[in-house]
Every structure is written in C-alpha cells, then in structure tokens.
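In what follows, a single structure is set out as structure tokens and then discussed.
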Amino acid sequence: MPFNLTVKKMIALVIVVLVFALVICVFYGYYHFNVLVEKDKEELFNHTGNSEKLVTKEDLDHLPNNMKDYLIKVGVIGKCKDCHAIIKQSGQIKQKQDGKWANFIAKQFVTAKPIGFVWAARAFPVFVKDKSIEGVGEVNISFLGLRSIAVHQSKETNESALGRCLGELTLYPIGFLNNDITWKYIDENSIKATITVGGTTTEGVFYFDKNGLIDRFESKRYRDETLEDFTGKVENYQTKCGLHIPTKMKAIWNLKNGDFEYFNCNIIDYRIE
C-alpha cells in the first residue's frame, strides 16, 4: 500500500510539472509573438511623420467623382492625414474548402501614408503574423508563437500583401488619398485602383452599392504560388472615431471549382492614434 501511494504521488507530481511547463511555454510563446508584432508595428508607424495635418476638401480634387463622393460620405474631411488605425477583430478562418472553421482573435495596425499594415492573429494553437511594410510582405505562421511552421517571403507575397492592404483601406479610408494610388473611372458604380509601393505593384476594382458606399473589392492575388481571382466583401457600416466604416468582412477565393470563403470577421474595437 505505501508503494502504491508513492507511485500515485509521483504520477501526480509529474502531471503538475508537465502542466506547469505547458503554461510557461504558452505564456512565453505569447510574449515572444507579441515582441515580434510590436517590432513590426514600430517599424510601420515610424515610416509615418504623424504631423496630424487635417484632410481638406481640396485633398479630394484629384479623385474621380464616385470615390470623392464616397470619401465625403464616410467622413474623411477634417480627419488626421497621417495618423494610425488600431483595429481588433474576432472571426473565423479555414485553410481548405472542406476544412473546419477555426475561431481567431486579431489586432491590425494600419497606416495611410505610407500605406501599410501589420495583422497579428491567434487561432489557438496557431499564431499568424501578416504584414506589408514599404511594399514588402510577409506571412509567418507559428505554433504557439514559439516555432515557425511556415514563413512566406517572395515577390508573390509582396503583391498579395499589398493587394490585401489596398482592399482593406475601407477600414481606414484616409489611405485612399495616398498618391501611391492611381485611379481609373469605370462607371458610377465601380473604379479601378493601381498601387505601387517600394517597387511592388498591384491593382483591383472597388464596387459601390446604391448608397455610394464600397461593398466589395475584386482583384487577383496569389494563393500559394497560383494567381487566383479574389473578392473581399464588406458590410454593416458604422461610425467609429468619426469615420463611417464597415464592421463585417468576408474574403473569398473565386476558384475554377467554385467560390471558397476562407475568412470572415467582425470589428470589435477601433481607435485612431
């Protein structure tokens, strides 16, 4: 009997030690991940002068009328030209058409001048960091923030990251004023944007709904190494920090065998610094 008790105590001790070690690993991974995100965020923000000059009506003069009307409706006039948006999201993501949805929580940092973003998401036990800074993109997928499972750095990654950046400017529409974007009017309900940052160029088409608000963005983006049609849909516009922005988003691959929605999210917090 004493021997059995000793064995049970040893097993219990081992379990406690393993659980403690796991908790330490999780906390360290979370800390390590946040350090990398903070480093990227500071690099992104440091490219912006943050003079806090305000947008004037004259700043919209070079734009086609449908984009000009949209920007007036969403309230960019009188807002800071070169501040930053910090956005918190909750949503779902999946890797395969027949795969399961994984819940995630994310924080996104966005700048308008120069245009860029850093997106940090946790879909336990997978952590994802996506960014576009000065036209250079990177996707880093890690296990618990401790060990990278995959890191994507290439010309294709640069283009896809900048394409995401362009399409998501509805979240921080001050960026539409950036001179790195050139515009081609298609009709009153659509407009083509081409953006070049740091040697990387991409393009896409924005579509307006009956209220003159952007409701979707279509472009071509790389899925792994294959160029595919892509659609980003936005809805449920609300006023946040004086800007009228969409608070729900969906990302869809328009594949030959059918549409594949792989991402959706809601904005749960929004601030401008």
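Following the order of the structure tokens, first chain is A, next is B, and so on, with residues numbered from 1 inside each chain and ligands from 1 in the order they appear.
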For the structure I just gave you, how does DSSP split segment 9-242 of chain A - specifically, which residues are alpha helix (DSSP H)? Reply as a PyMOL selection string.
chain A and resi 9-46+65-74+155-167
Nearby residues (only C-alpha atoms) at most 12 Å from Ala251 of chain A, same-chain spacing under 4 positions excluded, as a PyMOL selection string:
chain A and resi 91-94+164+167-168+216-219+221+229-234+259-265
Surrounding residues of Gln153 of chain A excluding itself and chain neighbours under 3 positions, 8 Å, only C-alpha atoms, as a PDB file with C-alpha atoms, in the first residue's frame:
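Resulting contents of around.pdb:
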ATOM      1  CA  GLY A 137       5.096  41.463 -47.395  1.00  0.00           C
ATOM      2  CA  GLU A 138       5.496  38.503 -45.078  1.00  0.00           C
ATOM      3  CA  VAL A 139       3.264  35.772 -43.679  1.00  0.00           C
ATOM      4  CA  THR A 157       3.855  37.515 -51.127  1.00  0.00           C
ATOM      5  CA  ASN A 158       4.696  41.207 -51.582  1.00  0.00           C
TER       6      ASN A 158
END
Given only C-alpha atoms as the counted atoms, nearest of A:Asp40, A:Asp187, A:Glu159, A:Glu203 to Ala120 of chain A:
A:Asp40
Show which residues sit within 6 Å of segment 74-86 of chain A, as JSON, numbers by chain. Count only C-alpha atoms, and ignore same-chain residues fewer than 3 positions away.
{"A": [50, 52, 53, 54, 55, 56, 71, 108, 109, 110, 111, 113, 243, 244, 270, 271, 272, 273]}
Applying 12 Å and only C-alpha atoms, which residues near Val128 of chain A remain after dropping the ones on its own chain fewer than 4 positions away? List them as a compact mmCIF listing (two decimals) with all heavy atoms, in the first residue's frame.
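File produced: selection-v1.txt:
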# COMPACT_ATOMS: atom_id res chain seq x y z
N TYR A 30 3.33 33.45 -26.24
CA TYR A 30 2.51 34.65 -26.39
C TYR A 30 3.37 35.91 -26.29
O TYR A 30 3.24 36.83 -27.09
CB TYR A 30 1.43 34.64 -25.31
CG TYR A 30 0.46 35.79 -25.39
CD1 TYR A 30 -0.58 35.78 -26.32
CD2 TYR A 30 0.56 36.88 -24.54
CE1 TYR A 30 -1.48 36.83 -26.41
CE2 TYR A 30 -0.33 37.95 -24.62
CZ TYR A 30 -1.35 37.91 -25.55
OH TYR A 30 -2.22 38.96 -25.64
N PHE A 33 5.69 36.17 -29.42
CA PHE A 33 4.89 36.59 -30.57
C PHE A 33 4.61 38.09 -30.50
O PHE A 33 4.77 38.82 -31.48
CB PHE A 33 3.58 35.79 -30.60
CG PHE A 33 2.67 36.13 -31.74
CD1 PHE A 33 2.96 35.72 -33.03
CD2 PHE A 33 1.50 36.84 -31.52
CE1 PHE A 33 2.11 36.01 -34.09
CE2 PHE A 33 0.65 37.14 -32.57
CZ PHE A 33 0.95 36.72 -33.86
N ASN A 34 4.21 38.57 -29.32
CA ASN A 34 3.89 39.99 -29.16
C ASN A 34 5.11 40.88 -29.35
O ASN A 34 4.99 42.00 -29.86
CB ASN A 34 3.27 40.24 -27.79
CG ASN A 34 1.81 39.83 -27.74
OD1 ASN A 34 1.19 39.65 -28.78
ND2 ASN A 34 1.27 39.67 -26.55
N LEU A 36 7.58 40.30 -31.45
CA LEU A 36 7.78 40.39 -32.89
C LEU A 36 6.75 41.32 -33.53
O LEU A 36 7.08 42.11 -34.43
CB LEU A 36 7.69 38.99 -33.52
CG LEU A 36 8.76 37.99 -33.11
CD1 LEU A 36 8.51 36.64 -33.77
CD2 LEU A 36 10.16 38.50 -33.46
N VAL A 37 5.50 41.22 -33.07
CA VAL A 37 4.45 42.09 -33.60
C VAL A 37 4.74 43.54 -33.27
O VAL A 37 4.60 44.43 -34.11
CB VAL A 37 3.07 41.68 -33.03
CG1 VAL A 37 2.00 42.71 -33.40
CG2 VAL A 37 2.68 40.30 -33.53
N ILE A 93 -11.59 31.43 -39.68
CA ILE A 93 -10.71 31.25 -40.83
C ILE A 93 -10.56 29.75 -41.09
O ILE A 93 -10.65 28.95 -40.15
CB ILE A 93 -9.33 31.91 -40.57
CG1 ILE A 93 -8.50 31.98 -41.84
CG2 ILE A 93 -8.57 31.21 -39.45
CD1 ILE A 93 -7.26 32.86 -41.71
N PHE A 104 -10.68 32.93 -34.38
CA PHE A 104 -9.47 33.71 -34.12
C PHE A 104 -9.82 35.06 -33.50
O PHE A 104 -10.94 35.56 -33.63
CB PHE A 104 -8.65 33.91 -35.41
CG PHE A 104 -9.24 34.90 -36.37
CD1 PHE A 104 -9.01 36.27 -36.24
CD2 PHE A 104 -10.03 34.47 -37.43
CE1 PHE A 104 -9.55 37.19 -37.13
CE2 PHE A 104 -10.58 35.37 -38.33
CZ PHE A 104 -10.34 36.74 -38.17
N ILE A 105 -8.83 35.62 -32.84
CA ILE A 105 -8.84 37.00 -32.36
C ILE A 105 -7.63 37.68 -32.97
O ILE A 105 -6.54 37.11 -33.01
CB ILE A 105 -8.76 37.07 -30.82
CG1 ILE A 105 -9.99 36.45 -30.18
CG2 ILE A 105 -8.59 38.51 -30.36
CD1 ILE A 105 -11.27 37.24 -30.39
N ALA A 106 -7.80 38.90 -33.47
CA ALA A 106 -6.69 39.57 -34.16
C ALA A 106 -6.64 41.05 -33.84
O ALA A 106 -7.65 41.66 -33.48
CB ALA A 106 -6.79 39.36 -35.67
N LYS A 107 -5.44 41.59 -33.99
CA LYS A 107 -5.25 43.03 -33.91
C LYS A 107 -4.54 43.46 -35.19
O LYS A 107 -3.58 42.81 -35.62
CB LYS A 107 -4.42 43.42 -32.68
CG LYS A 107 -4.23 44.93 -32.54
CD LYS A 107 -3.41 45.28 -31.29
CE LYS A 107 -4.22 45.21 -30.04
NZ LYS A 107 -3.50 45.79 -28.88
N GLN A 108 -5.03 44.55 -35.78
CA GLN A 108 -4.45 45.04 -37.03
C GLN A 108 -4.06 46.50 -36.87
O GLN A 108 -4.82 47.31 -36.34
CB GLN A 108 -5.46 44.88 -38.17
CG GLN A 108 -4.91 45.29 -39.54
CD GLN A 108 -5.75 44.74 -40.68
OE1 GLN A 108 -6.44 43.75 -40.53
NE2 GLN A 108 -5.69 45.39 -41.82
N VAL A 118 0.06 45.71 -40.33
CA VAL A 118 0.54 44.53 -39.62
C VAL A 118 -0.69 43.89 -39.00
O VAL A 118 -1.48 44.56 -38.33
CB VAL A 118 1.56 44.89 -38.52
CG1 VAL A 118 1.94 43.64 -37.73
CG2 VAL A 118 2.80 45.53 -39.12
N TRP A 119 -0.86 42.59 -39.23
CA TRP A 119 -2.02 41.85 -38.72
C TRP A 119 -1.51 40.70 -37.89
O TRP A 119 -0.71 39.89 -38.36
CB TRP A 119 -2.86 41.34 -39.89
CG TRP A 119 -4.17 40.68 -39.53
CD1 TRP A 119 -5.31 41.29 -39.11
CD2 TRP A 119 -4.48 39.28 -39.62
NE1 TRP A 119 -6.31 40.36 -38.92
CE2 TRP A 119 -5.83 39.12 -39.23
CE3 TRP A 119 -3.74 38.15 -39.99
CZ2 TRP A 119 -6.46 37.86 -39.20
CZ3 TRP A 119 -4.36 36.90 -39.97
CH2 TRP A 119 -5.70 36.78 -39.57
N ALA A 120 -1.95 40.62 -36.64
CA ALA A 120 -1.50 39.57 -35.73
C ALA A 120 -2.72 38.83 -35.20
O ALA A 120 -3.59 39.43 -34.56
CB ALA A 120 -0.70 40.17 -34.57
N ALA A 121 -2.80 37.53 -35.48
CA ALA A 121 -3.98 36.75 -35.12
C ALA A 121 -3.59 35.51 -34.32
O ALA A 121 -2.52 34.93 -34.52
CB ALA A 121 -4.74 36.32 -36.37
N ARG A 122 -4.50 35.12 -33.43
CA ARG A 122 -4.32 33.90 -32.65
C ARG A 122 -5.53 33.00 -32.85
O ARG A 122 -6.65 33.36 -32.52
CB ARG A 122 -4.16 34.22 -31.15
CG ARG A 122 -3.04 35.19 -30.84
CD ARG A 122 -2.77 35.28 -29.35
NE ARG A 122 -3.96 35.57 -28.57
CZ ARG A 122 -4.47 36.79 -28.38
NH1 ARG A 122 -3.90 37.83 -28.95
NH2 ARG A 122 -5.55 36.96 -27.64
N ALA A 123 -5.27 31.83 -33.45
CA ALA A 123 -6.30 30.79 -33.59
C ALA A 123 -5.70 29.56 -32.91
O ALA A 123 -5.16 28.68 -33.54
CB ALA A 123 -6.61 30.51 -35.05
N PHE A 124 -5.74 29.55 -31.58
CA PHE A 124 -5.01 28.59 -30.74
C PHE A 124 -5.11 27.17 -31.30
O PHE A 124 -6.19 26.70 -31.63
CB PHE A 124 -5.59 28.63 -29.32
CG PHE A 124 -4.74 27.93 -28.31
CD1 PHE A 124 -3.71 28.60 -27.68
CD2 PHE A 124 -4.96 26.60 -27.99
CE1 PHE A 124 -2.92 27.97 -26.74
CE2 PHE A 124 -4.18 25.95 -27.06
CZ PHE A 124 -3.16 26.63 -26.44
N GLU A 138 5.06 39.73 -45.74
CA GLU A 138 5.50 38.50 -45.08
C GLU A 138 4.31 37.87 -44.38
O GLU A 138 3.48 38.56 -43.81
CB GLU A 138 6.59 38.78 -44.04
CG GLU A 138 7.07 37.52 -43.33
CD GLU A 138 8.02 37.83 -42.18
OE1 GLU A 138 7.54 38.11 -41.07
OE2 GLU A 138 9.25 37.79 -42.42
N VAL A 139 4.23 36.54 -44.47
CA VAL A 139 3.26 35.77 -43.68
C VAL A 139 4.06 34.78 -42.84
O VAL A 139 4.83 33.99 -43.38
CB VAL A 139 2.25 35.02 -44.57
CG1 VAL A 139 1.27 34.24 -43.70
CG2 VAL A 139 1.51 35.98 -45.49
N ASN A 140 3.88 34.86 -41.51
CA ASN A 140 4.59 33.98 -40.60
C ASN A 140 3.57 33.23 -39.75
O ASN A 140 2.81 33.82 -39.00
CB ASN A 140 5.53 34.80 -39.69
CG ASN A 140 6.47 33.91 -38.88
OD1 ASN A 140 6.06 32.91 -38.32
ND2 ASN A 140 7.73 34.31 -38.81
N ILE A 141 3.55 31.90 -39.92
CA ILE A 141 2.62 31.04 -39.18
C ILE A 141 3.44 30.25 -38.17
O ILE A 141 4.42 29.59 -38.54
CB ILE A 141 1.87 30.10 -40.13
CG1 ILE A 141 1.14 30.90 -41.20
CG2 ILE A 141 0.89 29.23 -39.37
CD1 ILE A 141 0.59 30.05 -42.33
N SER A 142 3.05 30.31 -36.91
CA SER A 142 3.83 29.64 -35.88
C SER A 142 2.95 28.83 -34.94
O SER A 142 1.74 29.06 -34.84
CB SER A 142 4.65 30.66 -35.06
OG SER A 142 3.79 31.52 -34.33
N PHE A 143 3.57 27.87 -34.27
CA PHE A 143 2.89 27.07 -33.26
C PHE A 143 3.09 27.72 -31.90
O PHE A 143 4.22 27.83 -31.42
CB PHE A 143 3.45 25.64 -33.24
CG PHE A 143 2.86 24.77 -32.17
CD1 PHE A 143 1.58 24.25 -32.31
CD2 PHE A 143 3.57 24.48 -31.02
CE1 PHE A 143 1.03 23.45 -31.32
CE2 PHE A 143 3.02 23.69 -30.02
CZ PHE A 143 1.74 23.16 -30.18
N LEU A 144 2.01 28.23 -31.35
CA LEU A 144 2.02 28.90 -30.05
C LEU A 144 2.98 30.09 -29.99
O LEU A 144 3.39 30.51 -28.91
CB LEU A 144 2.39 27.90 -28.93
CG LEU A 144 1.35 26.83 -28.62
CD1 LEU A 144 1.91 25.85 -27.59
CD2 LEU A 144 0.06 27.44 -28.11
N GLY A 145 3.36 30.63 -31.15
CA GLY A 145 4.30 31.74 -31.17
C GLY A 145 5.73 31.32 -30.87
O GLY A 145 6.63 32.16 -30.78
N LEU A 146 5.96 30.00 -30.75
CA LEU A 146 7.29 29.50 -30.36
C LEU A 146 8.13 29.09 -31.56
O LEU A 146 9.32 29.37 -31.62
CB LEU A 146 7.13 28.30 -29.43
CG LEU A 146 6.51 28.57 -28.05
CD1 LEU A 146 6.15 27.26 -27.38
CD2 LEU A 146 7.47 29.37 -27.19
N ARG A 147 7.51 28.41 -32.49
CA ARG A 147 8.25 27.85 -33.62
C ARG A 147 7.48 28.10 -34.91
O ARG A 147 6.30 27.75 -35.01
CB ARG A 147 8.48 26.34 -33.42
CG ARG A 147 9.29 25.69 -34.52
CD ARG A 147 9.44 24.20 -34.25
NE ARG A 147 10.22 23.54 -35.28
CZ ARG A 147 11.54 23.48 -35.32
NH1 ARG A 147 12.23 24.05 -34.35
NH2 ARG A 147 12.18 22.87 -36.29
N SER A 148 8.16 28.67 -35.90
CA SER A 148 7.51 28.95 -37.17
C SER A 148 7.19 27.65 -37.91
O SER A 148 8.06 26.78 -38.07
CB SER A 148 8.38 29.84 -38.05
OG SER A 148 8.49 31.14 -37.49
N ILE A 149 5.94 27.51 -38.34
CA ILE A 149 5.52 26.38 -39.15
C ILE A 149 5.77 26.69 -40.62
O ILE A 149 6.17 25.83 -41.40
CB ILE A 149 4.03 26.07 -38.93
CG1 ILE A 149 3.76 25.76 -37.45
CG2 ILE A 149 3.57 24.92 -39.81
CD1 ILE A 149 2.28 25.70 -37.11
N ALA A 150 5.51 27.94 -41.00
CA ALA A 150 5.73 28.38 -42.39
C ALA A 150 5.99 29.87 -42.40
O ALA A 150 5.35 30.62 -41.66
CB ALA A 150 4.51 28.03 -43.25
N VAL A 151 6.92 30.28 -43.25
CA VAL A 151 7.21 31.69 -43.46
C VAL A 151 7.23 31.94 -44.96
O VAL A 151 7.95 31.29 -45.71
CB VAL A 151 8.58 32.09 -42.85
CG1 VAL A 151 8.85 33.57 -43.12
CG2 VAL A 151 8.63 31.80 -41.37
N HIS A 152 6.40 32.89 -45.40
CA HIS A 152 6.30 33.21 -46.82
C HIS A 152 6.90 34.59 -47.07
O HIS A 152 6.40 35.60 -46.55
CB HIS A 152 4.85 33.17 -47.28
CG HIS A 152 4.19 31.83 -47.07
ND1 HIS A 152 4.42 30.75 -47.89
CD2 HIS A 152 3.32 31.41 -46.12
CE1 HIS A 152 3.72 29.72 -47.47
NE2 HIS A 152 3.04 30.09 -46.39
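Proximity of A:Asn236, A:Thr200, A:Asn103, A:Thr247 to Ser132 of chain A, computed with only C-alpha atoms, is greatest for A:Thr200.
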Enumerate as JSON, numbers by chain all residues of segment 57-228 of chain A assigned to strand (DSSP E or B) by DSSP on the backbone, naming them with the chain letters and numbers the document uses.
{"A": [80, 84, 85, 86, 87, 88, 89, 90, 91, 92, 93, 102, 103, 104, 105, 106, 107, 108, 109, 110, 111, 112, 115, 116, 117, 118, 119, 120, 121, 122, 123, 126, 127, 128, 129, 130, 131, 132, 133, 136, 137, 138, 139, 140, 141, 142, 143, 147, 148, 149, 150, 151, 152, 181, 182, 183, 184, 185, 186, 187, 190, 191, 192, 193, 194, 195, 196, 197, 200, 201, 202, 203, 204, 205, 206, 207, 208, 214, 215, 216, 217, 218, 219, 220, 221, 222, 223, 226, 227, 228]}
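Reported to one decimal place, the separation of atom CA of Tyr222 of chain A from atom CA of Leu166 of chain A is 14.6 Å.
Each of A:Gly175, A:Gly204, A:Gly198, A:Gly242 was compared to Ile115 of chain A using only C-alpha atoms, and A:Gly175 turns out to be the nearest.
Across the model, the gap from atom CA of Thr226 of chain A to atom CA of Pro114 of chain A is 27.8 Å.
The nearest approach to Asn266 of chain A among the residues A:Ser190, A:Asn66, A:Gln238, A:Asn254, with only C-alpha atoms taken into account, belongs to A:Gln238.
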